[in-house]
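Q: Here you go, this is upload.tsv (TSV, C-alpha atoms).
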```tsv
chain	number	residue	atom	x	y	z
A	629	MET	CA	0.00	0.00	0.00
A	630	ASN	CA	1.53	3.34	-1.02
A	631	LEU	CA	1.63	6.44	1.19
A	632	ALA	CA	-1.15	8.22	-0.71
A	633	VAL	CA	-3.56	5.33	-0.16
A	634	MET	CA	-2.55	5.07	3.53
A	635	ALA	CA	-3.16	8.79	4.00
A	636	LEU	CA	-6.56	8.53	2.34
A	637	ASP	CA	-7.53	5.57	4.55
A	638	ALA	CA	-6.44	7.47	7.65
A	639	ARG	CA	-8.49	10.51	6.67
A	640	VAL	CA	-11.57	8.40	5.91
A	641	ALA	CA	-11.44	6.86	9.39
A	642	SER	CA	-10.48	10.11	11.11
A	643	ALA	CA	-13.45	11.93	9.61
A	644	ARG	CA	-15.77	9.62	11.54
A	645	ILE	CA	-13.65	9.10	14.66
A	646	LEU	CA	-12.45	12.61	15.52
A	647	PRO	CA	-15.83	14.35	15.99
A	648	PHE	CA	-16.87	11.53	18.35
A	649	ALA	CA	-13.49	11.66	20.13
A	650	VAL	CA	-13.87	15.42	20.61
A	651	TYR	CA	-17.29	14.89	22.17
A	652	ILE	CA	-15.98	12.23	24.58
A	653	ALA	CA	-12.90	14.32	25.42
A	654	PHE	CA	-15.13	17.20	26.52
A	655	LEU	CA	-17.13	14.82	28.72
A	656	ILE	CA	-13.95	13.58	30.39
A	657	LEU	CA	-12.48	17.06	30.79
A	658	ASP	CA	-15.68	18.72	32.03
A	659	PRO	CA	-14.67	18.61	35.74
A	660	TRP	CA	-11.22	20.03	34.96
A	661	LEU	CA	-12.62	22.73	32.68
A	662	THR	CA	-15.18	23.69	35.32
A	663	SER	CA	-12.47	24.21	37.93
A	664	ALA	CA	-10.09	25.88	35.46
A	665	LEU	CA	-12.73	28.43	34.36
A	666	PRO	CA	-14.25	29.61	37.65
A	667	GLY	CA	-15.94	32.65	36.08
A	668	VAL	CA	-17.75	30.62	33.42
A	669	ASP	CA	-21.12	28.96	33.95
A	670	PRO	CA	-20.18	25.25	33.49
A	671	ARG	CA	-23.49	24.63	31.72
A	672	TRP	CA	-22.14	26.59	28.75
A	673	LEU	CA	-19.41	23.99	28.31
A	674	TYR	CA	-22.04	21.98	26.45
A	675	ALA	CA	-22.21	24.74	23.84
A	676	ALA	CA	-18.41	24.60	23.50
A	677	ARG	CA	-18.57	20.81	23.14
A	678	ILE	CA	-21.19	20.98	20.41
A	679	ALA	CA	-19.35	23.79	18.61
A	680	ALA	CA	-16.13	21.75	18.62
A	681	VAL	CA	-17.90	18.66	17.28
A	682	LEU	CA	-19.70	20.68	14.61
A	683	GLY	CA	-16.42	22.33	13.62
A	684	ALA	CA	-14.77	18.93	13.19
A	685	MET	CA	-17.65	17.66	11.04
A	686	VAL	CA	-17.61	20.81	8.90
A	687	PHE	CA	-13.87	20.34	8.40
A	688	PHE	CA	-14.44	16.77	7.16
A	689	ARG	CA	-17.72	17.47	5.37
A	690	LYS	CA	-16.41	16.43	1.93
A	691	ASP	CA	-15.47	13.01	3.32
A	692	TYR	CA	-18.99	11.99	4.31
A	693	SER	CA	-20.05	10.23	1.13
A	694	GLU	CA	-22.73	8.33	3.05
A	695	LEU	CA	-24.60	11.59	3.70
A	696	ALA	CA	-25.10	12.13	-0.03
A	697	VAL	CA	-27.58	9.26	-0.45
A	698	ALA	CA	-31.10	9.55	0.91
A	699	SER	CA	-33.28	9.49	-2.22
A	700	THR	CA	-33.29	5.68	-2.42
A	701	THR	CA	-35.23	5.37	0.85
A	702	SER	CA	-38.92	4.49	0.47
A	703	ARG	CA	-41.77	6.26	2.20
A	704	ALA	CA	-42.39	3.10	4.22
A	705	ASP	CA	-38.81	3.15	5.49
A	706	TRP	CA	-39.08	6.82	6.49
A	707	MET	CA	-42.25	6.02	8.41
A	708	LEU	CA	-40.49	3.10	10.09
A	709	ALA	CA	-37.65	5.43	11.08
A	710	LEU	CA	-40.15	7.79	12.72
A	711	ARG	CA	-41.92	4.97	14.53
A	712	LEU	CA	-38.67	3.55	15.85
A	713	GLY	CA	-37.55	7.02	16.94
A	714	LEU	CA	-40.77	7.38	18.92
A	715	GLY	CA	-40.48	3.87	20.31
A	716	VAL	CA	-36.91	4.40	21.51
A	717	PHE	CA	-37.98	7.64	23.22
A	718	LEU	CA	-40.77	5.82	25.09
A	719	LEU	CA	-38.37	3.07	26.15
A	720	TRP	CA	-35.76	5.62	27.20
A	721	ILE	CA	-38.06	7.34	29.67
A	722	GLY	CA	-39.39	3.99	30.87
A	723	LEU	CA	-36.05	2.21	31.42
A	724	ASP	CA	-34.45	4.63	33.89
A	725	PHE	CA	-34.55	2.57	37.07
A	726	GLY	CA	-32.22	0.46	39.20
A	727	TRP	CA	-30.05	-1.98	37.32
A	728	THR	CA	-30.73	-0.40	33.90
A	729	VAL	CA	-28.72	2.72	34.81
A	730	PHE	CA	-25.04	3.23	35.62
A	731	GLY	CA	-24.53	4.91	38.98
A	732	PRO	CA	-27.02	7.08	40.88
A	733	GLN	CA	-29.65	8.99	38.93
A	734	LYS	CA	-29.01	12.71	39.13
A	735	SER	CA	-29.64	15.85	37.16
A	736	GLY	CA	-26.91	16.30	34.59
A	737	PHE	CA	-27.84	19.62	33.07
A	738	VAL	CA	-30.32	21.89	34.83
A	739	PRO	CA	-30.96	25.11	32.85
A	740	ILE	CA	-32.72	26.93	35.66
A	741	ALA	CA	-31.64	30.24	37.23
A	742	ALA	CA	-31.35	30.81	40.98
A	743	ASP	CA	-34.77	32.48	40.96
A	744	GLY	CA	-36.34	29.42	39.30
A	745	ALA	CA	-36.59	30.95	35.80
A	746	MET	CA	-35.90	28.75	32.78
A	747	LEU	CA	-32.69	29.74	30.99
A	748	TRP	CA	-33.91	29.50	27.41
A	749	PRO	CA	-30.59	30.21	25.64
A	750	LEU	CA	-29.10	27.18	27.45
A	751	ILE	CA	-32.19	25.10	26.71
A	752	ILE	CA	-32.17	25.94	23.00
A	753	VAL	CA	-28.46	25.16	22.64
A	754	ARG	CA	-28.94	21.85	24.43
A	755	LEU	CA	-31.96	20.92	22.35
A	756	LEU	CA	-30.31	21.81	19.03
A	757	GLY	CA	-27.13	19.98	19.96
A	758	ALA	CA	-28.96	16.85	21.06
A	759	ALA	CA	-31.43	16.76	18.18
A	760	ILE	CA	-29.20	17.82	15.27
A	761	VAL	CA	-25.45	17.62	15.92
A	762	VAL	CA	-25.23	14.55	18.16
A	763	PRO	CA	-27.34	12.20	15.96
A	764	VAL	CA	-25.24	12.97	12.88
A	765	MET	CA	-21.97	12.62	14.80
A	766	GLU	CA	-22.95	9.38	16.54
A	767	GLU	CA	-24.47	7.72	13.48
A	768	LEU	CA	-21.38	8.52	11.42
A	769	PHE	CA	-19.22	6.93	14.10
A	770	TRP	CA	-21.30	3.99	15.35
A	771	ARG	CA	-23.32	2.90	12.35
A	772	SER	CA	-21.39	4.07	9.27
A	773	PHE	CA	-17.92	3.38	10.70
A	774	ILE	CA	-17.89	0.88	13.59
A	775	GLN	CA	-20.79	-1.30	12.41
A	776	ARG	CA	-19.16	-1.76	9.01
A	777	TRP	CA	-15.52	-1.77	10.17
A	778	ILE	CA	-16.16	-4.82	12.39
A	779	ASP	CA	-16.90	-6.77	9.21
A	780	LYS	CA	-14.49	-5.07	6.83
A	781	GLN	CA	-11.60	-2.67	7.51
A	782	ASP	CA	-12.24	-1.00	4.17
A	783	PHE	CA	-15.64	-0.13	5.57
A	784	LEU	CA	-16.77	2.23	2.81
A	785	ALA	CA	-16.61	-0.69	0.40
A	786	LEU	CA	-19.20	-2.61	2.44
A	787	ALA	CA	-22.84	-1.85	1.66
A	788	PRO	CA	-24.86	-1.20	4.84
A	789	SER	CA	-27.29	-3.97	3.84
A	790	ARG	CA	-24.39	-6.45	3.93
A	791	VAL	CA	-23.47	-5.75	7.57
A	792	SER	CA	-23.57	-8.95	9.63
A	793	VAL	CA	-25.85	-9.56	12.60
A	794	ARG	CA	-22.68	-10.03	14.66
A	795	ALA	CA	-21.51	-6.52	13.81
A	796	LEU	CA	-24.96	-5.12	14.56
A	797	LEU	CA	-25.02	-6.77	18.00
A	798	ILE	CA	-21.48	-5.77	18.97
A	799	THR	CA	-22.02	-2.17	17.88
A	800	SER	CA	-25.34	-1.95	19.71
A	801	VAL	CA	-23.83	-3.20	22.96
A	802	LEU	CA	-20.93	-0.76	22.71
A	803	PHE	CA	-23.34	2.05	21.88
A	804	GLY	CA	-25.48	1.13	24.88
A	805	PHE	CA	-22.57	1.22	27.31
A	806	GLU	CA	-21.61	4.67	26.04
A	807	HIS	CA	-24.78	5.89	27.78
A	808	GLY	CA	-25.74	5.96	31.45
A	809	GLN	CA	-28.98	4.14	30.60
A	810	TRP	CA	-27.18	1.19	29.12
A	811	LEU	CA	-30.19	-1.06	28.47
A	812	ALA	CA	-32.15	1.64	26.66
A	813	GLY	CA	-28.94	2.49	24.80
A	814	ILE	CA	-28.51	-1.08	23.56
A	815	ILE	CA	-32.11	-1.18	22.33
A	816	ALA	CA	-31.60	2.19	20.62
A	817	GLY	CA	-28.45	0.86	18.97
A	818	LEU	CA	-30.33	-2.18	17.69
A	819	ALA	CA	-33.10	0.03	16.29
A	820	TYR	CA	-30.80	2.48	14.52
A	821	GLY	CA	-28.48	-0.30	13.35
A	822	TYR	CA	-31.40	-2.30	11.96
A	823	LEU	CA	-32.58	0.77	10.06
A	824	TYR	CA	-29.11	1.20	8.60
A	825	ARG	CA	-29.06	-2.37	7.30
A	826	ARG	CA	-32.64	-2.34	6.05
A	827	CYS	CA	-32.56	1.05	4.30
A	828	ASN	CA	-28.98	0.73	3.01
A	829	ASN	CA	-28.19	4.35	3.84
A	830	LEU	CA	-27.54	6.37	6.96
A	831	TRP	CA	-30.23	9.05	6.85
A	832	PRO	CA	-33.12	7.00	8.29
A	833	SER	CA	-30.94	6.17	11.30
A	834	ILE	CA	-30.01	9.83	11.70
A	835	VAL	CA	-33.65	10.94	11.45
A	836	SER	CA	-34.81	8.27	13.90
A	837	HIS	CA	-32.03	9.14	16.38
A	838	SER	CA	-32.80	12.83	15.98
A	839	LEU	CA	-36.51	12.30	16.68
A	840	THR	CA	-35.70	10.30	19.82
A	841	ASN	CA	-33.44	13.06	21.13
A	842	LEU	CA	-35.87	15.82	20.20
A	843	LEU	CA	-38.79	14.12	21.96
A	844	LEU	CA	-36.60	13.38	24.96
A	845	GLY	CA	-35.52	17.01	25.14
A	846	LEU	CA	-39.09	18.28	24.93
A	847	TRP	CA	-40.09	15.76	27.61
A	848	VAL	CA	-37.30	16.96	29.89
A	849	ILE	CA	-38.27	20.61	29.42
A	850	SER	CA	-41.97	19.98	30.05
A	851	THR	CA	-41.55	17.66	33.06
A	852	GLY	CA	-38.32	18.86	34.67
A	853	ALA	CA	-36.88	15.32	34.49
A	854	TRP	CA	-33.38	16.73	34.21
A	855	GLN	CA	-31.68	13.40	34.89
A	856	PHE	CA	-32.19	12.58	31.22
A	857	TRP	CA	-29.93	15.50	30.30
```
Kindly transcribe the structure held in the file into structure tokens.

A:
Amino acid sequence: MNLAVMALDARVASARILPFAVYIAFLILDPWLTSALPGVDPRWLYAARIAAVLGAMVFFRKDYSELAVASTTSRADWMLALRLGLGVFLLWIGLDFGWTVFGPQKSGFVPIAADGAMLWPLIIVRLLGAAIVVPVMEELFWRSFIQRWIDKQDFLALAPSRVSVRALLITSVLFGFEHGQWLAGIIAGLAYGYLYRRCNNLWPSIVSHSLTNLLLGLWVISTGAWQFW
């Protein structure tokens, strides 16, 4: 393999890995950043995290060939994507007890001022990040990259419909354990991964994931169930 091909392969993988790695790095560094920036409301670190992820994806935008194909998806498949997105949301709010959750349940992001007022700029940033940026970033990493790479290192050469059940299961478990609600996460991974195989392109998975996160965000805002954020 010559250097040009190796460089191309590295860029193809990096385009899908780095935005996800940036997101995880911010999660890990959040406590340090909070203490290092005492004059900054730590809740705005989420905006910085999303901006960094979005910047990475914009930088690699020409490398996302899988985002250029959505027209082949049937109306039935789009409807399935919406139904699964709704179903995952309902499971997510239902599977938040005891052994289905890592660690104690606590509020992760509470956009409320000291006087009890809702901080809408924080809420809007959180909602947009969760419903638009995160689904694209995670589906590029988990479904388009990992789910295919498990079967074939030259993952772009593998059609989504040819992904093995083994790769679907492994990816779904890993995806689940990325989240505090690991059981709901595994089920979500199975749903989005199944869509990817069935529809043979990434957009239905992105749309389904986006709908789940949007509904979850609206639920959190309306009920004050901040532990989901």

Q: For each of A:Gly804, A:Arg671, A:Trp810, A:Arg711, take the minimum atom-to-atom distance to Ile740 (chain A), counting all atoms listed in the file, then give the residue where this is smallest.

A: A:Arg671

Q: So the first atom is CA of Ala704 (chain A) and the second is CA of Ile815 (chain A); what is the distance between them in Å, to one decimal place?

A: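 Separation between CA of Ala704 (chain A) and CA of Ile815 (chain A): 21.3 Å.
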
Q: Figure out the distance between CA of Ala676 (chain A) and CA of Pro739 (chain A), please, to one decimal in Å.

A: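 One can read the CA of Pro739 (chain A) to CA of Ala676 (chain A) distance as 15.7 Å.
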
Q: Counting all atoms listed in the file, what is within 10 Å of Thr728 (chain A), bar same-chain residues fewer than 6 positions away, as a compact mmCIF listing (two decimals) with C-alpha atoms, in the coordinates of the input?

A:
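And here is the file that came out, part-v9.txt:
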```
# COMPACT_ATOMS: atom_id res chain seq x y z
CA GLY A 808 -25.74 5.96 31.45
CA GLN A 809 -28.98 4.14 30.60
CA TRP A 810 -27.18 1.19 29.12
CA LEU A 811 -30.19 -1.06 28.47
CA ALA A 812 -32.15 1.64 26.66
CA GLY A 813 -28.94 2.49 24.80
```

Q: Between CA of Val791 (chain A) and CA of Arg825 (chain A), measure the distance and give it in Å to one decimal.

A: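 Going from CA of Val791 (chain A) over to CA of Arg825 (chain A) covers 6.5 Å.
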